[in-house]
>>> print(open('query_32.txt').read())   # compact mmCIF, C-alpha atoms
# COMPACT_ATOMS: atom_id res chain seq x y z
CA MET A 213 -19.95 -14.27 -43.54
CA SER A 214 -17.39 -11.71 -44.54
CA ASP A 215 -14.26 -13.91 -44.54
CA GLY A 216 -13.94 -13.71 -48.32
CA VAL A 217 -13.91 -9.91 -48.39
CA ALA A 218 -11.54 -9.33 -45.50
CA GLY A 219 -8.63 -9.04 -47.92
CA HIS A 220 -10.14 -6.04 -49.71
CA ASP A 221 -8.97 -2.59 -48.66
CA ASP A 222 -11.55 -0.03 -47.57
CA PRO A 223 -11.95 1.68 -50.99
CA GLU A 224 -12.49 -1.69 -52.65
CA LEU A 225 -15.19 -2.58 -50.13
CA ALA A 226 -16.86 0.77 -50.81
CA ARG A 227 -16.74 0.27 -54.58
CA ARG A 228 -18.26 -3.22 -54.33
CA ILE A 229 -21.07 -1.98 -52.11
CA ALA A 230 -21.75 0.89 -54.51
CA ALA A 231 -21.75 -1.50 -57.46
CA GLY A 232 -24.22 -3.81 -55.76
CA ALA A 233 -21.85 -6.70 -56.27
CA ASP A 234 -22.86 -10.24 -55.33
CA GLU A 235 -20.92 -10.04 -52.10
CA ALA A 236 -22.16 -6.51 -51.28
CA ALA A 237 -23.79 -7.65 -48.05
CA SER A 238 -20.53 -9.20 -46.86
CA CYS A 239 -18.67 -6.05 -47.87
CA GLU A 240 -21.13 -3.99 -45.82
CA ASP A 241 -20.53 -6.17 -42.77
CA GLU A 242 -16.79 -5.86 -43.21
CA LEU A 243 -16.95 -2.09 -43.62
CA CYS A 244 -19.06 -1.83 -40.48
CA ARG A 245 -16.62 -4.07 -38.62
CA ARG A 246 -13.80 -1.70 -39.53
CA TYR A 247 -15.54 1.59 -38.84
CA LEU A 248 -18.12 0.95 -36.11
CA ASN A 249 -15.70 1.45 -33.24
CA ARG A 250 -14.12 4.47 -34.92
CA ALA A 251 -17.55 6.07 -35.01
CA ARG A 252 -18.13 5.05 -31.38
CA LEU A 253 -14.81 6.67 -30.38
CA TYR A 254 -15.78 9.83 -32.23
CA GLY A 255 -19.10 9.80 -30.42
CA LEU A 256 -17.46 9.37 -27.03
CA ARG A 257 -15.17 12.32 -27.66
CA HIS A 258 -17.83 14.65 -29.00
CA LEU A 259 -20.88 13.60 -27.02
CA ALA A 260 -19.50 13.99 -23.51
CA PHE A 261 -18.51 10.32 -23.14
CA ASP A 262 -22.19 9.39 -23.12
CA VAL A 263 -22.13 5.71 -24.06
CA THR A 264 -25.75 5.61 -25.21
CA ALA A 265 -25.32 8.67 -27.40
CA ALA A 266 -22.06 7.32 -28.82
CA GLU A 267 -23.75 4.06 -29.73
CA ASP A 268 -26.65 5.91 -31.36
CA LEU A 269 -24.24 8.04 -33.33
CA ALA A 270 -22.26 5.02 -34.51
CA GLN A 271 -25.38 3.20 -35.64
CA GLN A 272 -26.72 6.23 -37.48
CA VAL A 273 -23.37 6.84 -39.12
CA MET A 274 -23.02 3.31 -40.42
CA VAL A 275 -26.61 3.24 -41.68
CA GLY A 276 -26.04 6.59 -43.38
CA VAL A 277 -22.75 5.53 -44.96
CA LEU A 278 -24.15 2.26 -46.29
CA GLU A 279 -27.21 3.99 -47.71
CA ALA A 280 -25.05 6.61 -49.38
CA LEU A 281 -22.86 3.93 -50.95
CA ARG A 282 -25.84 1.91 -52.16
CA GLU A 283 -27.43 5.01 -53.68
CA GLY A 284 -24.24 6.11 -55.38
CA ARG A 285 -23.92 9.30 -53.32
CA VAL A 286 -20.31 8.70 -52.32
CA GLN A 287 -18.35 10.54 -54.99
CA ASP A 288 -14.92 9.17 -54.08
CA PRO A 289 -14.99 5.65 -52.63
CA GLY A 290 -11.21 5.87 -52.51
CA ARG A 291 -11.60 8.22 -49.53
CA ILE A 292 -14.31 6.31 -47.74
CA ASP A 293 -12.47 6.97 -44.45
CA ARG A 294 -13.03 10.70 -44.92
CA PHE A 295 -16.65 10.10 -45.86
CA VAL A 296 -17.29 8.13 -42.66
CA LEU A 297 -15.55 10.81 -40.58
CA GLY A 298 -17.60 13.52 -42.30
CA THR A 299 -20.77 11.57 -41.59
CA CYS A 300 -19.72 11.32 -37.93
CA ARG A 301 -19.35 15.11 -37.80
CA ASN A 302 -22.73 15.67 -39.41
CA VAL A 303 -24.56 13.22 -37.17
CA ALA A 304 -22.88 14.54 -34.02
CA HIS A 305 -23.82 18.07 -35.01
CA THR A 306 -27.43 17.03 -35.54
CA MET A 307 -27.54 15.12 -32.26
CA ARG A 308 -26.06 18.00 -30.29
CA ARG A 309 -28.43 20.47 -31.88
CA ALA A 310 -31.52 18.37 -31.41
CA GLU A 311 -30.42 16.92 -28.04
CA ARG A 312 -32.43 13.86 -28.65
CA ARG A 313 -31.84 10.16 -28.98
CA GLN A 314 -32.47 8.64 -32.37
CA SER A 315 -33.98 5.21 -32.14
CA ASP A 316 -35.94 4.80 -35.32
CA ALA A 317 -36.56 1.53 -37.08
CA ARG A 318 -33.52 1.87 -39.35
CA VAL A 319 -31.20 2.20 -36.38
CA ARG A 320 -32.72 -0.74 -34.57
CA LEU A 321 -32.43 -2.80 -37.72
CA ALA A 322 -28.77 -1.91 -38.10
CA ARG A 323 -28.13 -2.72 -34.46
CA GLU A 324 -29.70 -6.15 -34.70
CA ALA A 325 -28.26 -7.08 -38.08
CA GLY A 326 -24.86 -5.47 -37.79
CA PRO A 327 -21.60 -7.30 -37.17
CA ALA A 328 -20.54 -8.05 -33.62
CA VAL A 329 -17.90 -5.48 -32.74
CA THR A 330 -17.06 -5.15 -29.06
CA PRO A 331 -17.52 -1.48 -28.18
CA PRO A 332 -14.81 0.36 -26.24
CA TRP A 333 -16.98 0.43 -23.13
CA GLU A 334 -17.02 -3.36 -22.97
CA LEU A 335 -13.33 -3.94 -23.57
CA LEU A 336 -12.23 -3.92 -19.93
CA ASP A 337 -13.46 -5.69 -16.81
CA SER A 338 -14.73 -2.83 -14.66
CA ARG A 339 -14.01 -4.74 -11.44
CA ALA A 340 -10.39 -5.28 -12.49
CA VAL A 341 -10.05 -1.58 -13.27
CA ASP A 342 -11.59 -0.78 -9.90
CA LEU A 343 -9.09 -2.92 -8.04
CA CYS A 344 -6.16 -1.61 -10.08
CA LEU A 345 -7.24 1.96 -9.35
CA ALA A 346 -6.81 1.17 -5.67
CA ARG A 347 -3.19 0.21 -6.37
CA LEU A 348 -2.19 3.51 -7.93
CA ALA A 349 -0.03 6.00 -6.08
CA ALA A 350 -2.16 8.49 -4.16
CA ARG A 351 -1.31 11.41 -6.45
CA GLU A 352 -2.06 9.42 -9.60
CA ALA A 353 -5.37 8.22 -8.20
CA ARG A 354 -6.31 11.76 -7.24
CA VAL A 355 -5.55 13.14 -10.68
CA LEU A 356 -7.69 10.48 -12.37
CA ASP A 357 -10.46 11.06 -9.87
CA LEU A 358 -10.50 14.80 -10.49
CA LEU A 359 -10.17 14.55 -14.28
CA TYR A 360 -12.54 11.72 -15.03
CA ARG A 361 -14.96 11.27 -12.13
CA GLN A 362 -15.31 14.93 -11.24
CA GLU A 363 -14.70 16.15 -14.82
CA ALA A 364 -12.38 18.93 -13.72
CA ALA A 365 -10.25 20.68 -16.35
CA ALA A 366 -6.50 20.13 -16.26
CA ALA A 367 -5.94 23.74 -15.18
CA GLU A 368 -8.31 23.32 -12.24
CA VAL A 369 -6.66 20.05 -11.23
CA ALA A 370 -3.27 21.75 -11.41
CA GLU A 371 -4.47 24.54 -9.14
CA ARG A 372 -5.89 22.10 -6.59
CA LEU A 373 -2.69 20.06 -6.55
CA GLY A 374 -0.40 23.08 -6.55
CA THR A 375 1.30 22.14 -9.78
CA THR A 376 1.20 22.97 -13.50
CA PRO A 377 -1.25 21.71 -16.16
CA GLY A 378 1.74 20.17 -17.92
CA ASN A 379 2.59 18.17 -14.84
CA VAL A 380 -1.04 17.08 -14.51
CA ARG A 381 -0.79 15.67 -18.05
CA VAL A 382 2.38 13.80 -17.09
CA ILE A 383 0.76 12.34 -13.97
CA ARG A 384 -2.37 11.40 -15.95
CA HIS A 385 -0.27 9.66 -18.59
CA ARG A 386 1.68 7.69 -15.97
CA ALA A 387 -1.48 6.82 -14.08
CA LEU A 388 -3.22 5.47 -17.17
CA ALA A 389 -0.09 3.53 -18.14
CA HIS A 390 0.11 1.98 -14.65
CA LEU A 391 -3.60 1.22 -14.70
CA ARG A 392 -3.38 -0.40 -18.11
CA ALA A 393 -0.35 -2.50 -17.16
CA CYS A 394 -2.09 -3.66 -14.00
CA VAL A 395 -5.30 -4.61 -15.82
CA GLU A 396 -3.48 -6.34 -18.68
CA ALA A 397 -1.34 -8.29 -16.22
CA GLY A 398 -4.41 -9.35 -14.25
CA GLU A 399 -2.90 -7.85 -11.12
CA GLY A 400 -6.04 -6.30 -9.73
CA ALA A 401 -6.23 -8.83 -6.95
CA ARG A 402 -3.48 -8.57 -4.36
CA MET B 197 -1.56 8.77 -44.16
CA SER B 198 -0.13 11.00 -41.45
CA ALA B 199 2.20 9.73 -38.73
CA CYS B 200 0.80 7.54 -35.97
CA ARG B 201 -0.26 9.25 -32.78
CA THR B 202 1.32 8.66 -29.39
CA THR B 203 -0.77 7.37 -26.52
CA GLY B 204 -0.31 10.75 -24.84
CA GLN B 205 -1.77 12.53 -27.88
CA LEU B 206 -4.76 10.20 -27.84
CA GLU B 207 -5.26 10.94 -24.14
CA GLU B 208 -5.21 14.64 -24.97
CA TYR B 209 -7.73 14.02 -27.73
CA PHE B 210 -10.21 12.31 -25.41
CA GLN B 211 -9.58 15.00 -22.80
CA GLY B 212 -10.72 17.55 -25.39
CA ALA B 213 -7.41 19.35 -24.91
CA LEU B 214 -6.32 19.59 -28.55
CA GLY B 215 -6.85 22.62 -30.72
CA PRO B 216 -9.32 22.30 -33.64
CA ALA B 217 -6.62 21.71 -36.26
CA ASP B 218 -4.83 19.06 -34.18
CA GLU B 219 -8.14 17.41 -33.36
CA ASP B 220 -9.08 17.24 -37.04
CA GLU B 221 -5.72 15.66 -37.84
CA VAL B 222 -6.07 13.06 -35.09
CA GLU B 223 -9.56 12.15 -36.25
CA ALA B 224 -8.53 11.85 -39.88
CA HIS B 225 -5.70 9.58 -38.78
CA LEU B 226 -7.90 7.43 -36.54
CA PHE B 227 -10.23 6.82 -39.46
CA SER B 228 -7.42 5.52 -41.64
CA CYS B 229 -5.02 3.76 -39.25
CA GLU B 230 -5.90 0.39 -37.73
CA ALA B 231 -3.12 0.42 -35.11
CA CYS B 232 -4.11 3.84 -33.78
CA ARG B 233 -7.79 2.84 -33.79
CA VAL B 234 -6.96 -0.12 -31.54
CA GLU B 235 -4.83 2.09 -29.28
CA ALA B 236 -7.57 4.73 -29.12
CA GLU B 237 -10.09 2.06 -28.11
CA LEU B 238 -7.94 1.13 -25.13
CA VAL B 239 -7.41 4.74 -24.08
CA ALA B 240 -11.15 5.41 -24.31
CA ALA B 241 -11.93 2.17 -22.46
CA LEU B 242 -9.65 3.17 -19.58
CA VAL B 243 -11.07 6.68 -19.39
CA LEU B 244 -14.61 5.31 -19.43
CA ALA B 245 -13.85 2.71 -16.79
CA VAL B 246 -12.37 5.32 -14.47
CA SER B 247 -15.20 7.78 -15.03
CA ARG B 248 -17.80 5.09 -14.31
CA SER B 249 -16.03 3.69 -11.24
CA LEU B 250 -17.05 4.67 -7.77
CA PRO B 251 -14.52 6.57 -5.69
CA PRO B 252 -13.52 4.65 -2.56
CA VAL B 253 -14.56 7.64 -0.44
CA LEU B 254 -17.96 9.11 -1.21
CA SER B 255 -18.94 12.74 -1.10
CA PRO B 256 -22.18 13.36 0.84
CA ALA B 257 -23.97 14.23 -2.43
CA LEU B 258 -22.86 11.03 -4.15
CA PHE B 259 -23.79 8.98 -1.08
CA GLU B 260 -27.30 10.44 -1.13
CA ALA B 261 -27.63 9.79 -4.85
CA LEU B 262 -26.53 6.18 -4.40
CA GLN B 263 -28.99 5.75 -1.57
CA ARG B 264 -31.80 7.11 -3.74
CA SER B 265 -30.85 4.72 -6.54
CA GLY B 266 -31.04 1.76 -4.15
CA ARG B 267 -27.39 0.77 -4.55
CA VAL B 268 -26.56 1.12 -0.87
CA SER B 269 -27.45 -2.15 0.82
CA GLY B 270 -26.29 -1.10 4.25
CA THR B 271 -24.26 1.30 6.35
CA THR B 272 -22.15 1.01 9.45
CA ARG B 273 -21.21 3.64 12.00
CA VAL B 274 -17.69 3.33 13.31
CA GLU B 275 -16.28 5.42 16.12
CA PRO B 276 -12.56 6.24 16.45
CA GLY B 277 -10.69 3.35 18.07
CA GLN B 278 -13.58 0.95 17.49
CA THR B 279 -13.31 -2.48 15.88
CA LEU B 280 -16.41 -3.44 13.94
CA GLU B 281 -17.45 -6.60 12.13
CA ALA B 282 -19.16 -6.24 8.76
CA THR B 283 -20.20 -8.47 5.88
CA TYR B 284 -19.21 -7.67 2.31
CA PRO B 285 -22.27 -6.49 0.38
CA PRO B 286 -23.91 -8.54 -2.39
CA GLN B 287 -22.63 -8.16 -5.95
CA GLY B 288 -23.59 -4.79 -7.40
CA SER B 289 -24.43 -3.10 -4.14
CA LEU B 290 -22.52 -1.08 -1.59
CA LEU B 291 -21.83 -1.18 2.10
CA VAL B 292 -20.89 2.27 3.33
CA HIS B 293 -18.74 2.62 6.42
CA ARG B 294 -19.57 5.90 8.13
CA LEU B 295 -16.40 6.76 10.01
CA ARG B 296 -17.27 9.20 12.78
CA LEU B 297 -14.77 12.05 12.83
CA GLY B 298 -16.33 14.15 15.58
CA GLU B 299 -16.04 17.91 15.39
CA THR B 300 -14.66 18.85 11.97
CA SER B 301 -15.59 22.50 11.60
CA ASP B 302 -11.91 23.45 11.73
CA VAL B 303 -10.73 20.66 9.41
CA GLY B 304 -9.75 21.62 5.88
CA ARG B 305 -8.19 18.42 4.59
CA VAL B 306 -8.56 14.72 5.29
CA ASP B 307 -6.20 11.96 4.11
CA LEU B 308 -6.97 8.27 4.45
CA ASP B 309 -4.45 5.46 4.88
CA LEU B 310 -5.57 1.86 4.54
CA ARG B 311 -3.50 -0.59 6.56
CA THR B 312 -3.48 -4.09 7.88
CA PRO B 313 -3.74 -4.45 11.67
CA GLU B 314 -0.02 -5.29 11.59
CA GLY B 315 0.72 -1.92 9.95
CA GLY B 316 1.20 -3.04 6.35
CA SER B 317 0.17 -0.40 3.83
CA LEU B 318 -2.83 -1.12 1.61
CA GLY B 319 -2.92 2.30 -0.03
CA ARG B 320 -3.34 5.98 0.63
CA LEU B 321 -6.00 8.41 -0.54
CA GLU B 322 -5.23 12.11 -0.32
CA ALA B 323 -7.58 15.03 0.22
CA VAL B 324 -10.70 12.88 0.25
CA SER B 325 -14.27 14.15 0.53
CA PHE B 326 -15.85 14.22 3.98
CA ASP B 327 -19.13 15.34 5.43
CA ALA B 328 -18.16 18.34 7.52
CA ALA B 329 -21.73 18.95 8.66
CA ARG B 330 -22.19 15.44 10.08
CA GLY B 331 -18.53 14.91 10.98
CA GLU B 332 -18.28 11.71 8.91
CA LEU B 333 -16.11 10.13 6.29
CA LEU B 334 -17.97 7.75 3.97
CA VAL B 335 -16.01 4.71 2.75
CA ALA B 336 -17.60 2.65 -0.04
CA CYS B 337 -17.10 -1.08 0.40
CA GLN B 338 -17.88 -3.26 -2.62
CA HIS B 339 -18.39 -7.00 -3.06
CA HIS B 340 -15.30 -7.53 -5.20
CA PHE B 341 -13.00 -5.84 -2.68
CA ALA B 342 -12.93 -9.24 -0.99
CA GLU B 343 -10.70 -10.37 -3.87
CA ALA B 344 -8.16 -7.63 -3.31
CA TYR B 345 -8.06 -6.75 0.36
CA PRO B 346 -7.46 -8.70 3.54
CA ALA B 347 -10.49 -9.22 5.75
CA ASP B 348 -9.25 -6.90 8.47
CA ILE B 349 -8.63 -3.31 7.42
CA VAL B 350 -7.55 -0.36 9.51
CA PHE B 351 -8.73 3.02 8.23
CA ALA B 352 -6.33 5.67 9.53
CA VAL B 353 -7.77 9.15 9.01
CA GLU B 354 -5.32 12.01 9.20
CA LEU B 355 -6.78 15.46 9.80
CA ASP B 356 -5.17 18.51 8.20
CA GLY B 357 -2.00 16.58 7.38
CA ASP B 358 -1.13 16.47 11.06
CA PRO B 359 0.43 13.14 12.14
CA GLY B 360 -0.69 14.02 15.65
CA ARG B 361 -4.35 14.04 14.58
CA VAL B 362 -4.91 10.51 13.33
CA LEU B 363 -8.13 8.60 14.00
CA GLU B 364 -8.12 4.84 13.53
CA TYR B 365 -11.02 2.52 12.80
CA THR B 366 -10.80 -1.24 12.29
CA VAL B 367 -13.33 -3.17 10.21
CA ARG B 368 -13.26 -6.97 10.11
CA HIS B 369 -14.94 -8.02 6.88
CA ARG B 370 -16.65 -11.33 6.33
CA ARG B 371 -17.82 -12.75 3.05
CA GLU B 372 -21.56 -13.15 2.79
CA ALA B 373 -22.88 -16.61 3.63
CA ARG B 374 -23.36 -18.76 0.52
>>> encode(input="query_32.txt", output="structure tokens")
Amino acid sequence: MSDGVAGHDDPELARRIAAGADEAASCEDELCRRYLNRARLYGLRHLAFDVTAAEDLAQQVMVGVLEALREGRVQDPGRIDRFVLGTCRNVAHTMRRAERRQSDARVRLAREAGPAVTPPWELLDSRAVDLCLARLAAREARVLDLLYRQEAAAAEVAERLGTTPGNVRVIRHRALAHLRACVEAGEGAR
Amino acid sequence: MSACRTTGQLEEYFQGALGPADEDEVEAHLFSCEACRVEAELVAALVLAVSRSLPPVLSPALFEALQRSGRVSGTTRVEPGQTLEATYPPQGSLLVHRLRLGETSDVGRVDLDLRTPEGGSLGRLEAVSFDAARGELLVACQHHFAEAYPADIVFAVELDGDPGRVLEYTVRHRREAR
């Protein structure tokens, strides 16, 4: 359990892992709990919102970070946030270049033993989102459809709607705010 | 630590619309700020949910792909002015209403209004996909729609934005027998 280490800040967790302290395993769990979803978000952004790839990246990043700490390869534990981000960049670069899925034993081990952190793709009830989408204004629904289902660029959406990219961003922002309010209020059902 | 990001900036980040320097700054902040990490998770969750959701009106290509994947459990064919009875599909599968439009070679745009038989609005979808070759509009009906819509739905299809060219179809949905 990592309850006893939850009060440590990130650099302190990193130092204790590097020192091989008694509670190092708990510190590792806590560090993973704090950074796993950040790595997943990075993966979503940089790996075309591919959930499987984002999960692979996050697992590889956390395994890599923990190994580096244990082996004393993290020169400045005080900037462990930057080290994790740098590891994300390196892993994403490798994954894009190789265009392959890493699923070696280390990754599987990390996945099975790691702390339970709900990934972004499991945060929302997809059916509720579906029903709330149907409640959006027609223009808002169309912008989200074009941007996210059809993966059109904002400039292309603007051209199709006869408006400006700036206005597309405004409509997108309002649409996501309405969608979020509807889902959070449990208003998907009429 | 730099200043917290607005939700709009996080949306831009996930859209890939920031310049390299701005993107680096956002990422450095997300890796050091708990509040923005939580906010970014929600933004990403919404974007993912939308991108994974099925549009209520299917393009012919998406319809064919869904058929190949086995997700389409049934289809109906509905003619203009017709009232049809249909059963909501099982969880996880789709019933596709094929609304017959007739000759559409001259049609450039199709809008779809969803109404109750009494005329109450249930929503509007603008510039939806349609199958010009077959003269059909493909409406995806899902199991959980039973929670959100009345059983009887009128699909009013407006051609080329012309109120004088509206085709209406009524579908009376039943829940599947338990």
>>> interface_residues(input="query_32.txt", of="chain B", to="chain A", cutoff="9 Å", atoms="all atoms listed in the file", output="ChimeraX atom specification")
/B:203-204,207-213,223-224,226-228,230,233,236-252,318-324,340-346
>>> atom_distance(input="query_32.txt", atom1="atom CA of Cys394 of chain A", atom2="atom CA of His225 of chain B")
28.3 Å
>>> residues_around(input="query_32.txt", residues="segment 270-276 of chain A", least_positions_apart="2", cutoff="7 Å", atoms="only C-alpha atoms", output="list in words")
Cys244, Leu248, Ala251, Arg252, Ala266, Glu267, Asp268, Leu278, Glu279, Ala280, Thr299, Cys300, Val303, Val319, Ala322 and Arg323 of chain A
>>> residues_around(input="query_32.txt", residues="segment 274-289 of chain B", least_positions_apart="6", cutoff="10 Å", atoms="all atoms listed in the file", output="mmCIF file with C-alpha atoms, in the frame of the given file")
data_model
loop_
_atom_site.group_PDB
_atom_site.id
_atom_site.type_symbol
_atom_site.label_atom_id
_atom_site.label_comp_id
_atom_site.auth_asym_id
_atom_site.auth_seq_id
_atom_site.Cartn_x
_atom_site.Cartn_y
_atom_site.Cartn_z
ATOM 1 C CA LEU B 262 -26.530 6.180 -4.400
ATOM 2 C CA GLY B 266 -31.040 1.760 -4.150
ATOM 3 C CA ARG B 267 -27.390 0.770 -4.550
ATOM 4 C CA VAL B 268 -26.560 1.120 -0.870
ATOM 5 C CA LEU B 295 -16.400 6.760 10.010
ATOM 6 C CA ARG B 296 -17.270 9.200 12.780
ATOM 7 C CA LEU B 297 -14.770 12.050 12.830
ATOM 8 C CA GLY B 298 -16.330 14.150 15.580
ATOM 9 C CA GLU B 332 -18.280 11.710 8.910
ATOM 10 C CA LEU B 333 -16.110 10.130 6.290
ATOM 11 C CA ALA B 336 -17.600 2.650 -0.040
ATOM 12 C CA CYS B 337 -17.100 -1.080 0.400
ATOM 13 C CA GLN B 338 -17.880 -3.260 -2.620
ATOM 14 C CA HIS B 339 -18.390 -7.000 -3.060
ATOM 15 C CA HIS B 340 -15.300 -7.530 -5.200
ATOM 16 C CA PHE B 341 -13.000 -5.840 -2.680
ATOM 17 C CA ALA B 342 -12.930 -9.240 -0.990
ATOM 18 C CA ALA B 347 -10.490 -9.220 5.750
ATOM 19 C CA ASP B 348 -9.250 -6.900 8.470
ATOM 20 C CA ILE B 349 -8.630 -3.310 7.420
ATOM 21 C CA VAL B 350 -7.550 -0.360 9.510
ATOM 22 C CA PHE B 351 -8.730 3.020 8.230
ATOM 23 C CA ALA B 352 -6.330 5.670 9.530
ATOM 24 C CA VAL B 353 -7.770 9.150 9.010
ATOM 25 C CA VAL B 362 -4.910 10.510 13.330
ATOM 26 C CA LEU B 363 -8.130 8.600 14.000
ATOM 27 C CA GLU B 364 -8.120 4.840 13.530
ATOM 28 C CA TYR B 365 -11.020 2.520 12.800
ATOM 29 C CA THR B 366 -10.800 -1.240 12.290
ATOM 30 C CA VAL B 367 -13.330 -3.170 10.210
ATOM 31 C CA ARG B 368 -13.260 -6.970 10.110
ATOM 32 C CA HIS B 369 -14.940 -8.020 6.880
ATOM 33 C CA ARG B 370 -16.650 -11.330 6.330
ATOM 34 C CA ARG B 371 -17.820 -12.750 3.050
ATOM 35 C CA GLU B 372 -21.560 -13.150 2.790
ATOM 36 C CA ALA B 373 -22.880 -16.610 3.630
#
>>> atom_distance(input="query_32.txt", atom1="atom CA of Pro289 of chain A", atom2="atom CA of Glu224 of chain A")
7.8 Å
>>> atom_distance(input="query_32.txt", atom1="atom CA of Pro256 of chain B", atom2="atom CA of Thr271 of chain B")
13.4 Å
>>> axis_aligned_box(input="query_32.txt", around="segment 335-353 of chain B", padding_each_side="6 Å", output="lines of an AutoDock Vina configuration file")
center_x = -12.4
center_y = -0.6
center_z = 2.2
size_x = 24.1
size_y = 31.5
size_z = 26.7
>>> closest_residue(input="query_32.txt", among="B:Phe326, B:Gly316, B:Val253, B:Arg311", to="Val292 of chain B", atoms="only C-alpha atoms")
B:Val253
>>> decode(input="query_32.txt", residues="segment 313-351 of chain B", atoms="C-alpha atoms", output="compact mmCIF listing (two decimals), in the first residue's frame")
# COMPACT_ATOMS: atom_id res chain seq x y z
CA PRO B 313 -45.70 12.50 -34.11
CA GLU B 314 -47.22 15.53 -32.35
CA GLY B 315 -44.51 17.76 -33.83
CA GLY B 316 -42.25 18.15 -30.80
CA SER B 317 -38.60 18.58 -31.73
CA LEU B 318 -36.17 15.82 -30.77
CA GLY B 319 -33.17 17.34 -32.52
CA ARG B 320 -31.81 18.40 -35.87
CA LEU B 321 -28.85 17.13 -37.86
CA GLU B 322 -27.51 19.33 -40.63
CA ALA B 323 -25.81 18.35 -43.87
CA VAL B 324 -25.86 14.63 -43.11
CA SER B 325 -24.35 11.90 -45.26
CA PHE B 326 -26.63 10.11 -47.70
CA ASP B 327 -26.25 7.44 -50.32
CA ALA B 328 -26.83 9.32 -53.55
CA ALA B 329 -26.34 6.21 -55.68
CA ARG B 330 -29.02 4.19 -53.88
CA GLY B 331 -31.18 7.18 -52.94
CA GLU B 332 -31.09 6.32 -49.23
CA LEU B 333 -30.39 7.92 -45.90
CA LEU B 334 -29.04 5.52 -43.28
CA VAL B 335 -30.11 6.18 -39.67
CA ALA B 336 -28.31 4.21 -36.96
CA CYS B 337 -30.61 3.08 -34.17
CA GLN B 338 -28.92 1.81 -30.99
CA HIS B 339 -30.18 -0.14 -27.99
CA HIS B 340 -29.67 2.67 -25.50
CA PHE B 341 -31.66 5.16 -27.57
CA ALA B 342 -34.69 3.64 -25.86
CA GLU B 343 -33.58 5.51 -22.73
CA ALA B 344 -33.54 8.87 -24.46
CA TYR B 345 -36.16 8.92 -27.18
CA PRO B 346 -39.88 8.30 -27.28
CA ALA B 347 -40.98 5.09 -28.98
CA ASP B 348 -42.49 6.86 -31.96
CA ILE B 349 -40.12 9.03 -33.98
CA VAL B 350 -40.76 10.98 -37.15
CA PHE B 351 -37.73 11.45 -39.37
